[in-house]
file final.cif (mmCIF, C-alpha atoms)
data_structure
loop_
_atom_site.label_atom_id
_atom_site.label_comp_id
_atom_site.auth_asym_id
_atom_site.auth_seq_id
_atom_site.Cartn_x
_atom_site.Cartn_y
_atom_site.Cartn_z
CA MET A 1 27.05 15.86 21.99
CA PHE A 2 28.60 17.17 25.18
CA ARG A 3 30.75 19.52 23.12
CA ASP A 4 27.74 20.66 21.13
CA TYR A 5 25.25 21.10 23.98
CA ARG A 6 27.32 21.66 27.11
CA ASP A 7 26.00 25.21 27.60
CA GLN A 8 22.35 24.22 27.34
CA VAL A 9 22.34 20.68 28.76
CA ASN A 10 23.84 18.99 31.82
CA PHE A 11 25.61 15.72 30.94
CA PHE A 12 26.60 13.05 33.45
CA TYR A 13 28.06 9.61 33.17
CA VAL A 14 27.14 7.48 36.16
CA TYR A 15 29.73 4.89 37.07
CA LYS A 16 27.86 1.79 38.21
CA ARG A 17 28.76 -1.68 39.44
CA LEU A 18 30.57 -3.90 36.97
CA ALA A 19 28.39 -5.79 34.54
CA HIS A 20 31.00 -8.47 33.89
CA PRO A 21 33.73 -8.74 36.53
CA GLU A 22 37.03 -10.08 35.14
CA THR A 23 36.60 -8.51 31.72
CA ASN A 24 39.93 -6.82 30.99
CA ASN A 25 40.80 -8.07 34.50
CA PHE A 26 38.69 -5.43 36.21
CA LEU A 27 37.15 -6.58 39.49
CA GLU A 28 34.13 -5.37 41.39
CA PRO A 29 35.13 -2.66 43.88
CA ALA A 30 34.68 -3.60 47.52
CA ASN A 31 34.10 -0.08 48.79
CA LEU A 32 33.33 3.44 47.61
CA GLN A 33 36.98 4.45 47.51
CA GLU A 34 37.70 1.65 45.03
CA ARG A 35 34.63 2.48 42.94
CA LEU A 36 35.87 6.07 42.71
CA MET A 37 39.25 4.70 41.58
CA HIS A 38 37.40 2.80 38.85
CA LEU A 39 35.61 5.99 37.85
CA VAL A 40 38.90 7.83 37.48
CA GLU A 41 40.29 4.94 35.41
CA ALA A 42 37.20 4.88 33.18
CA LYS A 43 37.46 8.60 32.64
CA ARG A 44 41.13 8.28 31.75
CA LEU A 45 40.62 5.34 29.38
CA THR A 46 37.74 6.93 27.52
CA GLY A 47 39.28 10.38 27.40
CA SER A 48 35.84 11.62 28.38
CA GLU A 49 35.27 15.31 28.97
CA ILE A 50 31.85 14.66 30.51
CA PRO A 51 31.43 15.02 34.30
CA TRP A 52 31.20 11.65 36.01
CA LEU A 53 29.13 10.62 38.97
CA CYS A 54 29.52 7.51 41.08
CA ASP A 55 26.65 5.28 42.17
CA THR A 56 26.56 4.42 45.85
CA MET A 57 27.77 1.00 47.01
CA ASP A 58 24.16 -0.13 47.52
CA ASN A 59 23.65 0.64 43.81
CA ALA A 60 20.70 2.89 44.61
CA ALA A 61 20.85 4.86 41.36
CA THR A 62 21.24 1.80 39.15
CA ILE A 63 18.22 0.21 40.80
CA ALA A 64 16.13 3.38 40.81
CA PHE A 65 16.77 3.94 37.09
CA GLY A 66 15.63 0.46 36.12
CA GLU A 67 18.73 -1.77 36.39
CA THR A 68 20.12 -1.06 32.94
CA TYR A 69 23.57 -2.01 31.70
CA ASN A 70 24.13 1.14 29.71
CA GLY A 71 20.92 3.10 30.22
CA GLU A 72 20.39 6.61 28.96
CA PHE A 73 17.93 9.12 30.36
CA VAL A 74 16.95 12.68 29.58
CA ILE A 75 15.42 14.76 32.36
CA ASP A 76 13.67 18.04 31.57
CA PRO A 77 14.38 21.32 33.42
CA GLN A 78 11.57 20.56 35.90
CA GLY A 79 13.07 17.18 36.83
CA VAL A 80 10.69 15.00 34.79
CA LEU A 81 12.02 12.06 32.80
CA VAL A 82 11.28 12.70 29.15
CA ARG A 83 13.44 10.05 27.45
CA GLN A 84 14.67 6.67 28.61
CA ARG A 85 16.35 3.81 26.84
CA PHE A 86 17.92 0.60 27.99
CA TRP A 87 21.06 1.07 25.92
CA SER A 88 22.71 4.35 25.15
CA ASN A 89 22.33 5.37 21.53
CA PRO A 90 24.09 8.55 20.43
CA THR A 91 22.15 8.81 17.19
CA THR A 92 18.82 8.76 18.96
CA LEU A 93 20.07 10.97 21.78
CA ARG A 94 21.17 13.60 19.30
CA ARG A 95 17.73 13.49 17.73
CA ASP A 96 16.22 13.85 21.20
CA LEU A 97 18.32 16.92 21.91
CA VAL A 98 17.42 18.49 18.57
CA ASP A 99 13.76 17.97 19.49
CA LEU A 100 14.08 19.16 23.07
CA VAL A 101 16.70 21.88 22.88
CA GLY A 102 17.20 22.65 19.19
CA PRO A 103 19.75 21.92 16.45
CA VAL A 104 23.39 23.01 16.54
CA GLN A 105 25.59 24.13 13.69
CA ASP A 106 28.38 21.75 12.65
CA PRO A 107 27.61 18.95 15.10
CA THR A 108 30.63 17.03 16.38
CA GLN A 109 31.25 13.78 14.52
CA ILE A 110 32.47 10.52 16.03
CA ALA A 111 35.67 10.89 14.00
CA ASP A 112 36.36 14.13 15.90
CA LEU A 113 36.50 12.29 19.22
CA PRO A 114 39.63 10.96 20.92
CA VAL A 115 40.79 7.37 21.35
CA ARG A 116 38.39 4.54 21.95
CA PHE A 117 38.30 2.50 25.14
CA ARG A 118 41.27 0.14 25.20
CA PRO A 119 43.15 -0.77 28.38
CA GLU A 120 46.88 -0.89 27.91
CA PRO A 121 48.91 -4.02 28.84
CA ARG A 122 50.38 -4.01 32.36
CA GLY A 123 53.66 -5.73 31.63
CA ILE A 124 53.05 -8.36 34.33
CA ALA A 125 52.94 -12.04 33.33
CA SER A 126 49.48 -13.48 32.80
CA GLY A 127 48.20 -16.70 31.34
CA VAL A 128 50.96 -18.62 33.17
CA VAL A 129 48.73 -20.32 35.75
CA PRO A 130 46.35 -22.87 34.21
CA ARG A 131 42.74 -22.02 34.88
CA ILE A 132 40.53 -24.80 36.09
CA LYS A 133 37.50 -25.69 34.05
CA LEU A 134 34.47 -24.58 36.00
CA PRO A 135 31.28 -26.61 36.12
CA ARG A 136 28.12 -25.27 34.60
CA GLY A 137 25.29 -23.99 36.77
CA LEU A 138 27.37 -21.92 39.18
CA THR A 139 25.53 -19.22 41.09
CA PRO A 140 27.43 -16.29 42.64
CA VAL A 141 27.01 -16.16 46.42
CA LYS A 142 27.46 -13.32 48.91
CA VAL A 143 30.95 -12.34 49.99
CA LYS A 144 32.09 -9.89 52.61
CA TYR A 145 35.49 -8.25 52.86
CA ILE A 146 36.97 -7.75 56.30
CA PRO A 147 38.77 -4.39 56.12
CA HIS A 148 42.44 -4.35 56.98
CA PRO A 149 43.75 -1.40 59.00
CA ASN A 150 47.04 -1.08 57.15
CA HIS A 151 46.46 -1.78 53.47
CA PRO A 152 43.80 -1.85 50.74
CA LEU A 153 41.85 -4.93 49.77
CA PHE A 154 44.47 -6.06 47.27
CA VAL A 155 42.78 -9.37 46.51
CA LYS A 156 39.18 -9.83 45.50
CA ILE A 157 37.22 -13.02 45.91
CA ARG A 158 34.59 -14.58 43.69
CA ALA A 159 32.53 -17.35 45.28
CA GLU A 160 30.01 -19.43 43.38
CA VAL A 161 28.20 -22.66 44.15
CA THR A 162 26.36 -25.18 42.00
CA SER A 163 22.68 -25.39 42.81
CA LYS A 164 22.34 -28.90 41.35
CA PRO A 165 23.99 -31.56 43.54
CA LEU A 166 26.46 -34.14 42.27
CA ASP A 167 25.59 -37.86 42.41
CA ASP A 168 26.86 -38.11 45.99
CA GLY A 169 24.62 -35.22 47.07
CA THR A 170 27.40 -32.67 47.45
CA HIS A 171 27.63 -29.35 45.65
CA GLN A 172 30.70 -27.76 44.10
CA ILE A 173 31.92 -24.44 45.38
CA TYR A 174 34.27 -22.24 43.38
CA LEU A 175 36.55 -19.82 45.17
CA GLY A 176 38.55 -17.50 42.94
CA PHE A 177 41.12 -15.01 44.21
CA TYR A 178 42.13 -12.14 41.96
CA VAL A 179 44.76 -9.45 42.46
CA ASP A 180 42.91 -6.23 41.82
CA PRO A 181 44.53 -4.30 38.92
CA ILE A 182 43.08 -1.03 40.22
CA HIS A 183 45.75 -1.22 42.95
CA LYS A 184 48.48 -1.99 40.38
CA ILE A 185 49.87 -4.97 42.29
CA HIS A 186 50.69 -8.62 41.53
CA TRP A 187 51.47 -11.94 43.22
CA ASN A 188 55.05 -12.48 44.32
CA ASN A 189 55.67 -16.16 43.52
CA ALA A 190 59.24 -16.19 44.76
CA ALA A 191 57.79 -16.14 48.27
CA GLY A 192 55.85 -19.35 47.63
CA PRO A 193 52.24 -20.18 46.77
CA ILE A 194 49.29 -18.53 48.43
CA GLU A 195 47.77 -20.27 51.45
CA LEU A 196 44.09 -20.60 52.08
CA GLN A 197 42.38 -21.56 55.29
CA LEU A 198 38.62 -22.16 55.46
CA GLN A 199 36.55 -22.32 58.60
CA ALA A 200 33.08 -23.73 58.02
CA PRO A 201 30.30 -22.95 60.49
CA SER A 202 28.96 -25.89 62.47
CA GLY A 203 26.43 -27.80 60.40
CA LEU A 204 28.28 -27.23 57.11
CA GLN A 205 30.87 -29.64 55.71
CA LEU A 206 33.64 -28.66 53.31
CA SER A 207 35.78 -31.25 51.50
CA ARG A 208 38.96 -29.35 52.41
CA THR A 209 39.79 -26.59 54.86
CA ARG A 210 43.45 -25.93 54.01
CA LEU A 211 44.62 -25.32 50.47
CA GLU A 212 47.70 -23.96 48.76
CA GLY A 213 47.88 -22.08 45.51
CA PRO A 214 49.91 -23.56 42.67
CA GLU A 215 53.68 -23.24 42.51
CA VAL A 216 54.37 -20.82 39.69
CA GLU A 217 57.70 -20.64 37.87
CA GLU A 218 57.26 -17.03 36.85
CA PRO A 219 58.54 -14.85 39.70
CA GLU A 220 55.43 -12.68 39.48
CA ASP A 221 52.08 -12.82 37.76
CA CYS A 222 48.53 -11.52 37.99
CA ASP A 223 46.54 -14.65 37.16
CA PRO A 224 43.64 -15.67 39.37
CA ARG A 225 44.08 -18.47 41.88
CA MET A 226 41.15 -20.82 41.43
CA PHE A 227 39.91 -23.53 43.78
CA LEU A 228 37.05 -25.96 43.37
CA LEU A 229 35.92 -28.03 46.34
CA GLU A 230 32.81 -29.73 47.61
CA VAL A 231 30.28 -28.57 50.16
CA ASP A 232 27.31 -30.51 51.50
CA ARG A 233 24.76 -27.70 50.98
CA SER A 234 24.22 -25.02 48.37
CA GLU A 235 22.68 -22.59 50.85
CA PHE A 236 23.44 -21.89 54.51
CA ASP A 237 22.67 -19.03 56.87
CA ARG A 238 26.09 -18.65 58.50
CA PRO A 239 29.29 -17.69 56.66
CA ILE A 240 32.41 -19.65 55.83
CA LYS A 241 35.42 -17.71 57.14
CA VAL A 242 38.23 -17.52 54.63
CA THR A 243 41.78 -16.50 55.48
CA LEU A 244 44.20 -15.89 52.62
CA ARG A 245 47.96 -15.45 53.05
CA TYR A 246 50.04 -14.14 50.19
CA VAL A 247 52.91 -11.87 49.32
CA VAL A 248 52.10 -8.91 47.12
CA CYS A 249 54.31 -6.46 45.22
CA ASP A 250 53.34 -3.32 43.38
CA ASP A 251 53.90 -3.00 39.63
CA ALA A 252 56.22 -0.03 40.13
CA ALA A 253 58.52 -2.23 42.26
CA THR A 254 58.39 0.04 45.29
CA PHE A 255 57.08 -2.46 47.83
CA CYS A 256 56.57 -6.16 48.56
CA PHE A 257 55.07 -7.48 51.76
CA PRO A 258 53.13 -10.40 53.20
CA VAL A 259 49.40 -9.93 53.64
CA THR A 260 46.78 -11.83 55.59
CA GLN A 261 43.38 -10.99 54.21
CA GLU A 262 40.05 -12.22 55.54
CA PHE A 263 36.73 -12.77 53.83
CA GLU A 264 33.36 -14.26 54.65
CA VAL A 265 31.43 -16.35 52.14
CA LEU A 266 27.74 -16.77 52.76
CA LEU A 267 26.07 -19.52 50.76
CA GLN A 268 23.17 -17.40 49.59
CA PRO A 269 22.66 -16.05 46.05
CA SER A 270 24.21 -12.63 45.72
CA HIS A 271 21.74 -11.42 43.07
CA ASP A 272 24.42 -9.01 41.96
CA LYS A 273 23.29 -9.26 38.32
CA SER A 274 26.84 -9.69 37.16
CA SER A 275 28.48 -12.55 35.39
CA ARG A 276 31.94 -13.70 34.54
CA PRO A 277 32.23 -13.45 30.77
CA GLY A 278 33.74 -16.89 30.46
CA ILE A 279 30.59 -18.56 31.66
CA PHE A 280 28.74 -17.53 28.56
CA LEU A 281 31.50 -17.70 26.02
CA ASP A 282 31.57 -21.43 25.73
CA GLY A 283 29.50 -22.29 22.70
CA LEU A 284 28.66 -18.71 21.80
CA PHE A 285 31.95 -17.44 20.44
CA ALA A 286 33.99 -20.57 20.14
CA ASP A 287 32.60 -21.11 16.68
CA VAL A 288 32.29 -17.50 15.68
CA ALA A 289 34.22 -18.02 12.46
CA LYS A 290 32.31 -21.16 11.60
CA ARG A 291 29.06 -19.32 12.08
CA PHE A 292 29.79 -16.21 10.08
CA ASP A 293 32.67 -16.84 7.71
CA LYS A 294 30.46 -17.80 4.81
CA ASN A 295 33.13 -17.71 2.08
CA GLY A 296 35.75 -19.47 4.21
CA ASP A 297 38.45 -16.80 3.79
CA ALA A 298 39.13 -16.65 7.56
CA LYS A 299 37.82 -13.09 7.67
CA ILE A 300 34.41 -11.93 8.77
CA THR A 301 32.96 -8.89 7.09
CA PRO A 302 29.96 -6.76 8.14
CA GLU A 303 28.01 -8.32 5.30
CA GLU A 304 28.69 -11.82 6.64
CA LEU A 305 27.67 -10.78 10.15
CA GLY A 306 24.35 -9.38 8.96
CA ALA A 307 22.75 -6.11 10.00
CA GLY A 308 21.59 -7.32 13.39
CA ASN A 309 25.07 -8.42 14.51
CA VAL A 310 27.39 -5.82 13.02
CA THR A 311 27.60 -3.31 15.84
CA MET A 312 27.96 -5.75 18.69
CA TYR A 313 30.53 -8.02 17.06
CA MET A 314 32.56 -5.28 15.42
CA THR A 315 32.67 -3.26 18.63
CA HIS A 316 34.15 -6.09 20.63
CA LEU A 317 36.17 -8.10 18.12
CA ASP A 318 37.46 -5.64 15.54
CA TYR A 319 40.54 -4.64 17.48
CA ASN A 320 42.37 -2.85 14.65
CA LEU A 321 39.21 -1.07 13.44
CA ASP A 322 39.54 -2.24 9.83
CA ARG A 323 35.89 -3.40 9.77
CA VAL A 324 37.02 -6.99 9.24
CA ILE A 325 37.30 -9.59 12.00
CA ASP A 326 40.17 -12.00 11.42
CA ALA A 327 41.41 -15.13 13.18
CA GLU A 328 43.96 -13.19 15.22
CA GLU A 329 41.28 -10.90 16.60
CA ILE A 330 39.11 -13.86 17.60
CA ARG A 331 42.14 -15.55 19.19
CA ARG A 332 42.87 -12.37 21.08
CA PHE A 333 39.29 -12.03 22.24
CA ASN A 334 39.24 -15.61 23.51
CA GLU A 335 42.54 -15.09 25.26
CA MET A 336 41.30 -11.94 26.97
CA TYR A 337 37.90 -13.17 28.00
CA GLY A 338 37.92 -16.93 27.99
CA ASN A 339 41.39 -18.17 28.79
CA GLY A 340 41.24 -21.74 30.02
CA ARG A 341 37.51 -21.89 30.29
CA GLY A 342 36.86 -24.15 27.36
CA VAL A 343 36.58 -21.35 24.87
CA GLY A 344 37.66 -22.33 21.42
CA LYS A 345 37.78 -26.01 22.25
CA MET B 1 -2.09 -21.84 23.42
CA ARG B 2 -1.25 -19.04 20.97
CA ARG B 3 -0.27 -16.87 23.88
CA THR B 4 2.01 -19.61 25.25
CA VAL B 5 3.75 -20.04 21.90
CA GLY B 6 4.15 -16.27 21.63
CA MET B 7 5.64 -16.10 25.12
CA MET B 8 8.05 -18.94 24.31
CA ARG B 9 9.23 -17.09 21.21
CA TRP B 10 9.68 -13.94 23.22
CA HIS B 11 11.63 -15.73 25.93
CA TRP B 12 13.85 -17.42 23.35
CA LEU B 13 14.68 -14.10 21.72
CA ALA B 14 15.27 -12.42 25.06
CA THR B 15 17.58 -15.24 26.15
CA ILE B 16 19.70 -15.01 23.01
CA LEU B 17 19.94 -11.24 23.35
CA ALA B 18 20.80 -11.48 27.02
CA LEU B 19 23.52 -14.07 26.39
CA ASN B 20 24.99 -11.92 23.65
CA CYS B 21 24.96 -8.92 25.96
CA LEU B 22 26.48 -10.79 28.87
CA ALA B 23 29.14 -12.41 26.73
CA LEU B 24 30.08 -9.23 24.99
CA GLY B 25 30.09 -6.98 28.00
CA CYS B 26 29.07 -3.47 28.76
CA THR B 27 31.58 -0.70 28.42
CA THR B 28 31.61 3.01 28.87
CA LYS B 29 31.67 3.71 25.17
CA PRO B 30 28.35 5.31 24.35
CA VAL B 31 29.62 8.32 22.48
CA LEU B 32 32.73 6.72 21.09
CA TYR B 33 31.29 4.26 18.60
CA ALA B 34 29.07 4.39 15.58
CA GLN B 35 26.08 2.22 16.35
CA ASP B 36 23.36 0.59 14.35
CA GLU B 37 20.26 2.35 15.52
CA ARG B 38 17.97 -0.52 14.68
CA GLU B 39 19.54 -2.79 17.26
CA PHE B 40 18.91 -0.42 20.07
CA GLU B 41 15.40 0.60 19.18
CA THR B 42 14.08 -2.93 19.10
CA SER B 43 13.73 -5.60 21.72
CA TYR B 44 15.63 -4.21 24.68
CA ASN B 45 14.09 -0.78 24.60
CA LYS B 46 10.59 -2.01 23.91
CA ARG B 47 10.83 -4.38 26.83
CA PHE B 48 12.41 -1.75 29.03
CA LEU B 49 9.80 0.83 28.18
CA SER B 50 6.91 -1.57 28.68
CA ASN B 51 8.17 -2.99 31.98
CA LYS B 52 9.93 -0.14 33.66
CA SER B 53 8.79 3.04 32.03
CA MET B 54 9.36 6.11 34.15
CA LEU B 55 8.53 8.52 31.33
CA GLY B 56 6.52 11.49 32.46
CA LYS B 57 7.40 10.89 36.10
CA GLU B 58 9.79 12.80 38.28
CA ALA B 59 13.32 11.46 37.97
CA PRO B 60 14.44 9.49 41.02
CA ASP B 61 16.11 11.85 43.49
CA ILE B 62 19.03 9.62 44.32
CA GLY B 63 22.25 10.54 46.04
CA PHE B 64 25.45 10.15 43.99
CA PHE B 65 29.07 11.02 44.57
CA ASP B 66 31.03 13.20 42.21
CA ALA B 67 34.47 12.17 40.98
CA ASP B 68 36.05 13.65 44.11
CA GLY B 69 33.76 11.69 46.41
CA ASN B 70 31.52 14.63 47.35
CA PRO B 71 27.77 13.98 47.70
CA PHE B 72 25.73 15.09 44.69
CA ARG B 73 22.05 15.09 43.74
CA LEU B 74 20.59 15.55 40.26
CA ALA B 75 17.92 17.81 41.71
CA ALA B 76 20.68 20.36 42.31
CA VAL B 77 21.10 20.95 38.57
CA ARG B 78 17.47 21.45 37.60
CA GLY B 79 16.71 24.33 35.28
CA LYS B 80 18.33 22.78 32.20
CA HIS B 81 17.80 19.49 30.42
CA THR B 82 19.99 16.77 31.90
CA VAL B 83 21.36 13.69 30.16
CA VAL B 84 22.36 10.76 32.39
CA VAL B 85 24.14 7.72 30.96
CA PHE B 86 25.06 4.66 33.03
CA GLY B 87 28.23 2.71 32.35
CA CYS B 88 31.10 0.76 33.85
CA LEU B 89 34.56 -0.52 32.94
CA THR B 90 33.24 -3.90 31.85
#

call {"tool": "encode", "arguments": {"input": "final.cif", "output": "structure tokens"}}
result
Amino acid sequence: MFRDYRDQVNFFYVYKRLAHPETNNFLEPANLQERLMHLVEAKRLTGSEIPWLCDTMDNAATIAFGETYNGEFVIDPQGVLVRQRFWSNPTTLRRDLVDLVGPVQDPTQIADLPVRFRPEPRGIASGVVPRIKLPRGLTPVKVKYIPHPNHPLFVKIRAEVTSKPLDDGTHQIYLGFYVDPIHKIHWNNAAGPIELQLQAPSGLQLSRTRLEGPEVEEPEDCDPRMFLLEVDRSEFDRPIKVTLRYVVCDDAATFCFPVTQEFEVLLQPSHDKSSRPGIFLDGLFADVAKRFDKNGDAKITPEELGAGNVTMYMTHLDYNLDRVIDAEEIRRFNEMYGNGRGVGK
Amino acid sequence: MRRTVGMMRWHWLATILALNCLALGCTTKPVLYAQDEREFETSYNKRFLSNKSMLGKEAPDIGFFDADGNPFRLAAVRGKHTVVVFGCLT
């Protein structure tokens, strides 16, 4: 459409906050510079020719345009919104442009477009550190990154707390630490496990305040470091101070150095409208073959999926684009999105 | 009573759709895939249009950044139709 209408119509992709942090290992940017790095990566991966814009870190555009995941809007020359839809739909958009601007000769077909979105492997070990099974009912809470004067925020944190207390009245708090692939770095395990120090504000009790990451045999990896501990409240108005010590190396093997990174975790819902994919996979895709493979041949065809499911399932599971989902593709999907989180069990 | 049952059905459908969406992710692929039009013209859009319709109103004049980090406003490109699509890496 951009190729067909670029002279008559302005086109913009708006890069917004992540819908599902951790998918393909991407992590929510902590500042505008990192979000712009994401934008550049998205543009590269999609091969897009369309101009890209970046939403601000307070997500003003996403909120103002109705909090969509993949919303699509057409604005007329006077600045009035004349089309809006929750999910982008090229077929309908083309029809809109024919109505609003006029038809074009020989419209570009999807087959004419370049490669589809598919991140390439990094060549750094992953899946070598067992993931802990997280409890259900976790709610993401607010986190704050303390900027470091000498290096980027290599490691991102995910903090979540259970709203429902355990039998002893305590709540579980999940702290996950992820090396951010946008910086193309990984953990250096030869230097020892990561160290974590927690300082709770007065009035808040944590079950542990000093933790160490697991010893990992692989000399380097990019798996998350996951910790689950107990806290006596699910909400509190003063932050837990988190200090993380680790040694990081870049994927190009040009540097390795020790880093002390600081965070604050505030036990209040973040309302960031994002989710880790693994939370929802359990039970939804574990039995995908059982649900759809009606003839039991270990392959799922569009006919077996049914009209309402074809696009969504084929888009995400049909890795080799042969319009058939096989066991290997489901295994791969689970490995990418649900490793160690109960998926497939 | 009928209204309550209707609402429950609606919530059930919305929950299933939301879980599917959340589990499957959102990617910056809008022009790169063939899509089944029926899926997109049903529940999500109807709900979106009924709850948050901005049709016929002036588009929000929000500040963006371009790919180089320079400030940018959509109002600066008025005079032609403008298509805006939101997306992310996940």

call {"tool": "atom_distance", "arguments": {"input": "final.cif", "atom1": "atom CA of Pro103 of chain A", "atom2": "atom CA of Phe11 of chain A"}}
result
16.8 Å

call {"tool": "closest_residue", "arguments": {"input": "final.cif", "among": "A:Ala327, A:Val248, A:Ala190, A:Arg6", "to": "Lys290 of chain A", "atoms": "only C-alpha atoms"}}
result
A:Ala327

call {"tool": "closest_residue", "arguments": {"input": "final.cif", "among": "A:Asn70, A:Gln197, A:Ser270, A:Gln33", "to": "chain B", "atoms": "only C-alpha atoms"}}
result
A:Asn70

call {"tool": "atom_distance", "arguments": {"input": "final.cif", "atom1": "atom CA of Glu72 of chain A", "atom2": "atom CA of Asn25 of chain A"}}
result
25.7 Å

call {"tool": "closest_residue", "arguments": {"input": "final.cif", "among": "A:Glu34, A:Glu41, A:Asp76, A:Glu218", "to": "chain B", "atoms": "all atoms listed in the file"}}
result
A:Asp76

call {"tool": "closest_residue", "arguments": {"input": "final.cif", "among": "A:Asp168, A:Asp4, A:Glu67, A:Asp223", "to": "chain B", "atoms": "all atoms listed in the file"}}
result
A:Glu67

call {"tool": "closest_residue", "arguments": {"input": "final.cif", "among": "B:Val85, B:Pro71, B:Ser53, B:Gly63", "to": "chain A", "atoms": "all atoms listed in the file"}}
result
B:Val85

call {"tool": "axis_aligned_box", "arguments": {"input": "final.cif", "around": "segment 251-263 of chain A", "padding_each_side": "3 Å", "output": "AutoDock Vina command-line options"}}
result
--center_x 47.6 --center_y -6.4 --center_z 47.6 --size_x 27.8 --size_y 18.8 --size_z 22.0

call {"tool": "atom_distance", "arguments": {"input": "final.cif", "atom1": "atom CA of Leu36 of chain A", "atom2": "atom CA of Phe12 of chain A"}}
result
14.8 Å

call {"tool": "resolve_selection", "arguments": {"input": "final.cif", "expression": "the PyMOL selection byres ((chain A and resi 326) around 7)", "output": "ChimeraX atom specification"}}
result
/A:298-300,324-325,327-330

call {"tool": "closest_residue", "arguments": {"input": "final.cif", "among": "A:Ile75, A:Ala61, A:Ala191, A:Pro224", "to": "Leu55 of chain B", "atoms": "all atoms listed in the file"}}
result
A:Ile75

call {"tool": "decode", "arguments": {"input": "final.cif", "residues": "segment 198-203 of chain A", "atoms": "all heavy atoms", "output": "PDB file, in the first residue's frame"}}
result
ATOM      1  N   LEU A 198      18.728  -6.985  48.441  1.00  0.00           N
ATOM      2  CA  LEU A 198      17.435  -6.305  48.537  1.00  0.00           C
ATOM      3  C   LEU A 198      17.372  -5.519  49.837  1.00  0.00           C
ATOM      4  O   LEU A 198      17.750  -6.039  50.897  1.00  0.00           O
ATOM      5  CB  LEU A 198      16.283  -7.317  48.506  1.00  0.00           C
ATOM      6  CG  LEU A 198      16.265  -8.289  47.332  1.00  0.00           C
ATOM      7  CD1 LEU A 198      15.191  -9.351  47.514  1.00  0.00           C
ATOM      8  CD2 LEU A 198      16.021  -7.531  46.037  1.00  0.00           C
ATOM      9  N   GLN A 199      16.894  -4.307  49.746  1.00  0.00           N
ATOM     10  CA  GLN A 199      16.736  -3.496  50.948  1.00  0.00           C
ATOM     11  C   GLN A 199      15.268  -3.077  51.033  1.00  0.00           C
ATOM     12  O   GLN A 199      14.800  -2.231  50.261  1.00  0.00           O
ATOM     13  CB  GLN A 199      17.652  -2.274  50.873  1.00  0.00           C
ATOM     14  CG  GLN A 199      17.665  -1.478  52.147  1.00  0.00           C
ATOM     15  CD  GLN A 199      18.521  -0.220  52.008  1.00  0.00           C
ATOM     16  OE1 GLN A 199      19.332  -0.090  51.086  1.00  0.00           O
ATOM     17  NE2 GLN A 199      18.343   0.714  52.925  1.00  0.00           N
ATOM     18  N   ALA A 200      14.561  -3.705  51.989  1.00  0.00           N
ATOM     19  CA  ALA A 200      13.139  -3.404  52.131  1.00  0.00           C
ATOM     20  C   ALA A 200      12.956  -2.150  52.972  1.00  0.00           C
ATOM     21  O   ALA A 200      13.733  -1.908  53.902  1.00  0.00           O
ATOM     22  CB  ALA A 200      12.419  -4.577  52.784  1.00  0.00           C
ATOM     23  N   PRO A 201      11.957  -1.328  52.652  1.00  0.00           N
ATOM     24  CA  PRO A 201      11.694  -0.161  53.500  1.00  0.00           C
ATOM     25  C   PRO A 201      11.153  -0.616  54.855  1.00  0.00           C
ATOM     26  O   PRO A 201      10.628  -1.729  54.969  1.00  0.00           O
ATOM     27  CB  PRO A 201      10.627   0.604  52.705  1.00  0.00           C
ATOM     28  CG  PRO A 201       9.951  -0.437  51.882  1.00  0.00           C
ATOM     29  CD  PRO A 201      10.990  -1.467  51.566  1.00  0.00           C
ATOM     30  N   SER A 202      11.280   0.227  55.856  1.00  0.00           N
ATOM     31  CA  SER A 202      10.772  -0.180  57.175  1.00  0.00           C
ATOM     32  C   SER A 202       9.257  -0.383  57.069  1.00  0.00           C
ATOM     33  O   SER A 202       8.553   0.370  56.391  1.00  0.00           O
ATOM     34  CB  SER A 202      11.108   0.868  58.223  1.00  0.00           C
ATOM     35  OG  SER A 202      10.391   2.039  57.978  1.00  0.00           O
ATOM     36  N   GLY A 203       8.796  -1.439  57.717  1.00  0.00           N
ATOM     37  CA  GLY A 203       7.376  -1.768  57.656  1.00  0.00           C
ATOM     38  C   GLY A 203       7.071  -2.847  56.638  1.00  0.00           C
ATOM     39  O   GLY A 203       5.924  -3.281  56.503  1.00  0.00           O
TER      40      GLY A 203
END
